[in-house]
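> Structure file coords-v4.cif (mmCIF, C-alpha atoms) is given on the next line.
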```cif
data_final
loop_
_atom_site.label_atom_id
_atom_site.label_comp_id
_atom_site.auth_asym_id
_atom_site.auth_seq_id
_atom_site.Cartn_x
_atom_site.Cartn_y
_atom_site.Cartn_z
CA MET A 1 -3.69 11.29 -2.50
CA TYR A 2 -5.94 8.33 -1.84
CA ARG A 3 -8.99 7.88 -3.98
CA TRP A 4 -11.58 7.57 -1.21
CA LEU A 5 -13.72 4.78 -2.65
CA GLY A 6 -16.40 3.04 -0.65
CA PHE A 7 -14.83 -0.39 -0.79
CA VAL A 8 -11.34 0.76 0.18
CA PRO A 9 -11.48 -0.43 3.81
CA LEU A 10 -11.30 -3.95 2.43
CA VAL A 11 -7.87 -3.28 0.98
CA LEU A 12 -6.57 -3.38 4.52
CA LEU A 13 -7.96 -6.89 4.94
CA CYS A 14 -6.21 -8.31 1.89
CA ALA A 15 -4.16 -11.41 2.28
CA ARG A 16 -1.51 -12.00 -0.32
CA PRO A 17 -3.53 -13.44 -3.24
CA ALA A 18 -2.62 -16.53 -5.16
CA MET A 19 -1.37 -16.23 -8.72
CA GLY A 20 -4.33 -16.23 -11.09
CA GLN A 21 -4.24 -17.91 -14.48
CA ASP A 22 -5.27 -14.66 -16.13
CA ALA A 23 -2.57 -12.57 -14.43
CA GLY A 24 -0.66 -11.95 -17.62
CA MET A 25 -3.81 -10.94 -19.45
CA GLN A 26 -4.79 -8.62 -16.59
CA HIS A 27 -1.40 -6.93 -16.75
CA ASP A 28 -1.86 -6.39 -20.50
CA GLN A 29 -5.26 -4.84 -19.83
CA MET A 30 -3.68 -2.10 -17.77
CA GLY A 31 -2.06 -0.74 -20.89
CA ASP A 32 -0.77 2.43 -19.27
CA ARG A 33 2.73 3.61 -20.07
CA GLU A 34 3.62 3.81 -16.41
CA MET A 35 2.73 0.14 -15.85
CA GLN A 36 5.36 -1.15 -18.25
CA GLY A 37 7.85 -3.39 -16.45
CA MET A 38 5.61 -3.87 -13.41
CA VAL A 39 5.03 -7.36 -12.01
CA MET A 40 1.69 -9.01 -11.26
CA THR A 41 1.95 -11.32 -8.23
CA GLY A 42 -1.74 -12.15 -8.13
CA PRO A 43 -5.09 -11.10 -9.56
CA HIS A 44 -5.18 -7.83 -7.63
CA ILE A 45 -1.61 -6.87 -6.70
CA THR A 46 0.99 -5.19 -8.92
CA LEU A 47 4.57 -4.71 -7.71
CA THR A 48 7.54 -2.77 -8.93
CA PRO A 49 10.29 -4.99 -10.39
CA MET A 50 13.18 -6.02 -8.17
CA ARG A 51 16.46 -4.52 -9.39
CA GLU A 52 20.07 -5.45 -8.86
CA MET A 53 21.84 -3.65 -6.04
CA ARG A 54 23.77 -0.61 -7.19
CA PRO A 55 26.42 1.46 -5.43
CA GLY A 56 24.77 3.79 -2.95
CA ASP A 57 21.43 1.94 -2.77
CA GLN A 58 22.01 0.44 0.66
CA ALA A 59 23.29 3.68 2.14
CA ARG A 60 20.31 5.58 0.75
CA ALA A 61 17.84 3.02 2.14
CA ASP A 62 19.55 3.00 5.54
CA SER A 63 19.35 6.78 5.66
CA ILE A 64 15.59 6.66 4.98
CA VAL A 65 15.13 4.18 7.82
CA ARG A 66 17.13 6.30 10.28
CA ILE A 67 15.21 9.44 9.41
CA ALA A 68 11.82 7.71 9.53
CA ARG A 69 12.58 5.97 12.83
CA ALA A 70 13.68 9.21 14.49
CA TRP A 71 10.64 11.04 13.13
CA ALA A 72 8.15 8.34 14.17
CA GLU A 73 9.50 7.83 17.68
CA LYS A 74 7.18 10.40 19.24
CA TYR A 75 4.14 8.62 17.79
CA ARG A 76 4.50 5.43 19.82
CA ASP A 77 1.47 6.78 21.69
CA VAL A 78 -1.31 6.78 19.10
CA ALA A 79 -3.00 9.68 20.91
CA VAL A 80 -0.06 11.88 19.94
CA ALA A 81 -0.48 10.83 16.31
CA GLU A 82 -4.18 11.65 16.39
CA ALA A 83 -3.45 15.05 17.90
CA ASP A 84 -1.07 15.72 15.00
CA GLY A 85 -3.71 14.96 12.37
CA PHE A 86 -3.25 11.22 11.76
CA HIS A 87 -6.58 9.40 11.49
CA ARG A 88 -7.30 5.69 11.41
CA PHE A 89 -8.06 4.44 7.93
CA ALA A 90 -11.28 2.38 7.81
CA PRO A 91 -12.22 2.88 11.49
CA GLN A 92 -15.35 0.78 10.99
CA VAL A 93 -13.16 -2.30 10.51
CA LYS A 94 -12.44 -3.15 14.14
CA ARG A 95 -9.91 -5.97 13.94
CA GLN A 96 -7.20 -5.11 11.44
CA ARG A 97 -3.90 -6.89 11.14
CA ILE A 98 -2.24 -3.52 10.55
CA TYR A 99 -3.88 -0.19 11.39
CA HIS A 100 -3.02 2.65 9.04
CA TYR A 101 -3.16 6.12 10.58
CA THR A 102 -3.04 8.49 7.64
CA ASN A 103 -2.32 12.19 7.38
CA ARG A 104 -3.96 13.75 4.35
CA ALA A 105 -1.56 16.71 4.26
CA ALA A 106 1.38 14.29 4.10
CA ALA A 107 -0.38 12.30 1.37
CA LEU A 108 -0.79 15.48 -0.67
CA LYS A 109 2.84 16.40 -0.17
CA ALA A 110 3.91 12.92 -1.34
CA ARG A 111 2.27 13.56 -4.69
CA PHE A 112 4.92 16.12 -5.50
CA ARG A 113 8.07 15.06 -3.70
CA PHE A 114 9.51 12.42 -1.42
CA ASP A 115 10.40 13.40 2.12
CA PRO A 116 11.68 10.58 4.39
CA ALA A 117 10.53 12.62 7.39
CA ALA A 118 6.96 12.95 6.10
CA PRO A 119 5.42 9.47 5.64
CA THR A 120 1.79 9.35 4.58
CA SER A 121 0.80 6.86 7.29
CA LEU A 122 1.87 5.42 10.61
CA LEU A 123 1.47 1.64 10.98
CA TYR A 124 0.24 0.08 14.22
CA ARG A 125 -0.78 -3.39 15.36
CA ASP A 126 -2.56 -4.71 18.42
CA GLY A 127 -0.13 -4.86 21.32
CA PRO A 128 -0.12 -6.00 24.95
CA GLY A 129 -2.87 -4.74 27.20
CA GLY A 130 -5.07 -3.63 24.36
CA LYS A 131 -2.72 -0.82 23.35
CA LEU A 132 -1.62 -0.18 19.80
CA GLU A 133 2.04 -0.82 19.05
CA LEU A 134 3.81 1.34 16.47
CA ILE A 135 5.69 -0.83 13.98
CA GLY A 136 6.53 1.46 11.09
CA VAL A 137 5.47 3.91 8.43
CA MET A 138 4.03 3.88 4.95
CA TYR A 139 5.11 6.09 2.06
CA THR A 140 2.92 6.75 -0.96
CA ALA A 141 3.59 8.03 -4.46
CA PRO A 142 1.38 8.96 -7.43
CA ALA A 143 -0.06 5.99 -9.29
CA THR A 144 1.38 7.32 -12.54
CA LEU A 145 5.04 7.23 -11.50
CA SER A 146 7.34 4.94 -13.47
CA PRO A 147 9.75 2.41 -11.90
CA GLU A 148 12.59 4.86 -12.52
CA GLU A 149 10.78 7.63 -10.66
CA LEU A 150 9.90 5.32 -7.77
CA ASP A 151 13.51 4.14 -7.62
CA GLN A 152 14.56 7.74 -7.10
CA ARG A 153 12.44 7.79 -3.96
CA ILE A 154 13.43 4.39 -2.52
CA PRO A 155 15.83 2.00 -4.28
CA LEU A 156 13.97 -0.83 -6.01
CA SER A 157 16.84 -3.13 -5.09
CA ILE A 158 15.76 -2.72 -1.47
CA ALA A 159 11.98 -2.32 -1.49
CA ARG A 160 9.04 -3.11 -3.75
CA TRP A 161 6.21 -0.64 -4.02
CA HIS A 162 2.76 -2.19 -4.44
CA GLN A 163 -0.51 -1.12 -5.97
CA HIS A 164 -4.00 -2.63 -5.81
CA THR A 165 -5.16 -3.31 -9.36
CA ASN A 166 -7.93 -5.01 -11.35
CA ILE A 167 -10.67 -4.48 -8.78
CA CYS A 168 -14.37 -5.15 -9.37
CA LEU A 169 -16.50 -3.09 -6.99
CA PRO A 170 -20.00 -4.31 -6.12
CA PRO A 171 -23.02 -2.52 -7.64
CA ARG A 172 -23.70 0.91 -6.18
CA ASP A 173 -26.78 -0.29 -4.28
CA GLU A 174 -24.70 -2.88 -2.40
CA ASP A 175 -23.01 -2.20 0.91
CA PRO A 176 -19.35 -2.72 -0.11
CA VAL A 177 -18.19 -4.41 3.09
CA ALA A 178 -21.16 -6.76 3.31
CA ALA A 179 -21.02 -7.55 -0.40
CA THR A 180 -17.38 -8.52 -0.51
CA THR A 181 -17.31 -10.41 2.79
CA GLY A 182 -20.63 -12.17 2.58
CA ARG A 183 -23.29 -11.93 -0.07
CA HIS A 184 -21.00 -11.55 -3.08
CA PRO A 185 -17.40 -12.45 -2.17
CA GLU A 186 -16.45 -12.41 -5.84
CA PHE A 187 -16.22 -8.61 -5.58
CA GLY A 188 -13.43 -6.60 -4.01
CA PRO A 189 -9.66 -6.88 -3.55
CA ARG A 190 -9.83 -10.55 -2.55
CA GLY A 191 -12.61 -11.47 -4.97
CA SER A 192 -12.48 -13.96 -7.82
CA ILE A 193 -13.44 -11.37 -10.44
CA ALA A 194 -10.26 -10.00 -12.00
CA THR A 195 -11.21 -8.94 -15.53
CA ARG A 196 -13.31 -6.08 -16.86
CA ASP A 197 -15.58 -8.39 -18.86
CA ALA A 198 -16.34 -10.59 -15.86
CA CYS A 199 -16.99 -7.51 -13.73
CA GLU A 200 -19.43 -6.01 -16.20
CA ALA A 201 -21.20 -9.35 -16.57
CA ALA A 202 -21.70 -9.46 -12.79
CA GLY A 203 -23.07 -5.93 -12.71
CA GLY A 204 -20.03 -4.57 -10.90
CA ARG A 205 -17.94 -1.42 -11.35
CA TRP A 206 -14.45 -1.92 -12.73
CA LYS A 207 -11.34 -0.10 -11.53
CA ASP A 208 -7.98 -0.65 -13.25
CA ARG A 209 -6.36 0.42 -10.01
CA VAL A 210 -7.23 2.07 -6.71
CA LEU A 211 -5.13 4.15 -4.37
CA ASN A 212 -1.56 5.13 -5.21
CA TRP A 213 1.78 3.36 -4.99
CA MET A 214 2.52 2.30 -1.40
CA VAL A 215 5.48 0.86 0.47
CA HIS A 216 5.68 -0.23 4.11
CA VAL A 217 8.85 0.34 6.15
CA ASN A 218 8.93 -1.54 9.45
CA VAL A 219 11.36 0.86 11.06
CA PHE A 220 10.98 -0.62 14.56
CA ALA A 221 11.59 -4.23 13.52
CA ASN A 222 14.01 -6.10 15.78
CA ASP A 223 15.40 -8.08 12.86
CA PRO A 224 17.00 -5.83 10.20
CA SER A 225 15.85 -8.25 7.49
CA ASP A 226 12.24 -7.43 8.42
CA ILE A 227 12.52 -3.68 7.93
CA TRP A 228 11.65 -3.73 4.23
CA LYS A 229 9.41 -6.81 4.32
CA ASP A 230 6.03 -6.31 2.72
CA GLU A 231 3.11 -8.71 2.90
CA HIS A 232 2.36 -8.19 -0.78
CA GLY A 233 5.63 -9.07 -2.38
CA GLY A 234 8.54 -9.40 -0.01
CA VAL A 235 11.96 -7.86 -0.42
CA ARG A 236 15.54 -8.82 -0.98
CA HIS A 237 16.99 -9.58 2.44
CA HIS A 238 20.14 -7.64 3.20
#
```
Reformat the file's structure so that it appears as structure tokens.


Amino acid sequence: MYRWLGFVPLVLLCARPAMGQDAGMQHDQMGDREMQGMVMTGPHITLTPMREMRPGDQARADSIVRIARAWAEKYRDVAVAEADGFHRFAPQVKRQRIYHYTNRAAALKARFRFDPAAPTSLLYRDGPGGKLELIGVMYTAPATLSPEELDQRIPLSIARWHQHTNICLPPRDEDPVAATTGRHPEFGPRGSIATRDACEAAGGRWKDRVLNWMVHVNVFANDPSDIWKDEHGGVRHH
């Protein structure tokens, strides 16, 4: 389940970060067994490795999309999603590129097993007439899962799970949103601080990683090549 940290709303505002010169060192700092083989694409984003296509991968991925699309269809009206226990993540952030409506029961379930018909979140964007448009779903998985375990959920030849890593939170007496977007932009998931030493020197609070593994599936995309596209690392087009 999500670790509900004060700064987390800013994760939703992340643009894909540029590769930092210390990326390799940051990856080494993680040191956890489950991070072996993962790929840093910037100071604060870690991706699963892209694998070669294997027999059955495409069929398995296509099945997940079909199931998720059929399941999500009834949630085109966000009011229906809210009635079923999906709540907007970071509601205080008014203009989000993608709105995540998350169900905590589904997030808990995802810790133990993968169910294509039980995504953790529904993904919306601003649509015509001020209405929200449903574009897809998001699955989550425990942060400790290995690439092999994630591949069993969704083939890594098709999709890349991402995780937000190497985050320096502002001091506890700072408002996290104001600190990372104004007074101290070096903090947070888009900040320049990306090492523990630099974070401690700035008086911040270091997190090796926040949240769990995540993967977006744009099940209502018109172009099939966009279904598994992710802003954080892209996918192999198929």

> Can you check which parts of region 108-179 of chain A lie within 8 Å of region 205-229 of chain A? Per residue, the shortest pair of atoms and distance in Å to one decimal, counting only C-alpha atoms, sorted by chain and number, as JSON lines.


```
{"residue": "A:Leu134", "atom": "CA", "partner": "A:Phe220", "partner_atom": "CA", "distance": 7.7}
{"residue": "A:Ile135", "atom": "CA", "partner": "A:Phe220", "partner_atom": "CA", "distance": 5.3}
{"residue": "A:Gly136", "atom": "CA", "partner": "A:Asn218", "partner_atom": "CA", "distance": 4.2}
{"residue": "A:Val137", "atom": "CA", "partner": "A:Val217", "partner_atom": "CA", "distance": 5.4}
{"residue": "A:Met138", "atom": "CA", "partner": "A:His216", "partner_atom": "CA", "distance": 4.5}
{"residue": "A:Tyr139", "atom": "CA", "partner": "A:Val215", "partner_atom": "CA", "distance": 5.5}
{"residue": "A:Thr140", "atom": "CA", "partner": "A:Met214", "partner_atom": "CA", "distance": 4.5}
{"residue": "A:Ala141", "atom": "CA", "partner": "A:Trp213", "partner_atom": "CA", "distance": 5.0}
{"residue": "A:Pro142", "atom": "CA", "partner": "A:Asn212", "partner_atom": "CA", "distance": 5.3}
{"residue": "A:Ala143", "atom": "CA", "partner": "A:Asn212", "partner_atom": "CA", "distance": 4.4}
{"residue": "A:Ile158", "atom": "CA", "partner": "A:Trp228", "partner_atom": "CA", "distance": 7.1}
{"residue": "A:Ala159", "atom": "CA", "partner": "A:Trp228", "partner_atom": "CA", "distance": 5.9}
{"residue": "A:Arg160", "atom": "CA", "partner": "A:Val215", "partner_atom": "CA", "distance": 6.8}
{"residue": "A:Trp161", "atom": "CA", "partner": "A:Val215", "partner_atom": "CA", "distance": 4.8}
{"residue": "A:His162", "atom": "CA", "partner": "A:Met214", "partner_atom": "CA", "distance": 5.4}
{"residue": "A:Gln163", "atom": "CA", "partner": "A:Trp213", "partner_atom": "CA", "distance": 5.1}
{"residue": "A:His164", "atom": "CA", "partner": "A:Arg209", "partner_atom": "CA", "distance": 5.7}
{"residue": "A:Thr165", "atom": "CA", "partner": "A:Arg209", "partner_atom": "CA", "distance": 4.0}
{"residue": "A:Asn166", "atom": "CA", "partner": "A:Asp208", "partner_atom": "CA", "distance": 4.8}
{"residue": "A:Ile167", "atom": "CA", "partner": "A:Lys207", "partner_atom": "CA", "distance": 5.2}
{"residue": "A:Cys168", "atom": "CA", "partner": "A:Trp206", "partner_atom": "CA", "distance": 4.7}
{"residue": "A:Leu169", "atom": "CA", "partner": "A:Arg205", "partner_atom": "CA", "distance": 4.9}
{"residue": "A:Pro170", "atom": "CA", "partner": "A:Arg205", "partner_atom": "CA", "distance": 6.3}
{"residue": "A:Pro171", "atom": "CA", "partner": "A:Arg205", "partner_atom": "CA", "distance": 6.4}
```

> Find the residue from A:Glu186, A:Pro55, A:Arg196, A:Arg153 that sits nearest to Phe112 (chain A); use only C-alpha atoms when measuring.

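Answer, going by the shortest atom-to-atom distance: A:Arg153.
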
> Would you kindly return, as number ranges by chain, each protein, DNA or RNA residue with an atom no farther than 9 Å from any atom of region 91-107 of chain A, considering all atoms listed in the file and excluding same-chain residues fewer than 3 positions away?

A: 1-2, 9-10, 12-13, 78, 81-82, 84-88, 110-111, 118-126, 132, 137-141

> Just checking: using only C-alpha atoms, which residue out of A:Pro155, A:Pro116, A:Gly129, A:Pro43 ends up closest to Ser192 (chain A)?

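Once distances to Ser192 (chain A) are computed over only C-alpha atoms, the minimum belongs to A:Pro43.
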
> Given only C-alpha atoms as the basis, pick out the residue of A:Ala202, A:Arg69, A:Gly191, A:Glu148 nearest to Arg51 (chain A).

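Of A:Ala202, A:Arg69, A:Gly191, A:Glu148, the one nearest Arg51 (chain A), counting only C-alpha atoms, is A:Glu148.
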
> CA of Thr46 (chain A) and CA of Asp151 (chain A), how far apart in Å?

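Answer for the CA of Asp151 (chain A) to CA of Thr46 (chain A) separation: 15.7 Å.
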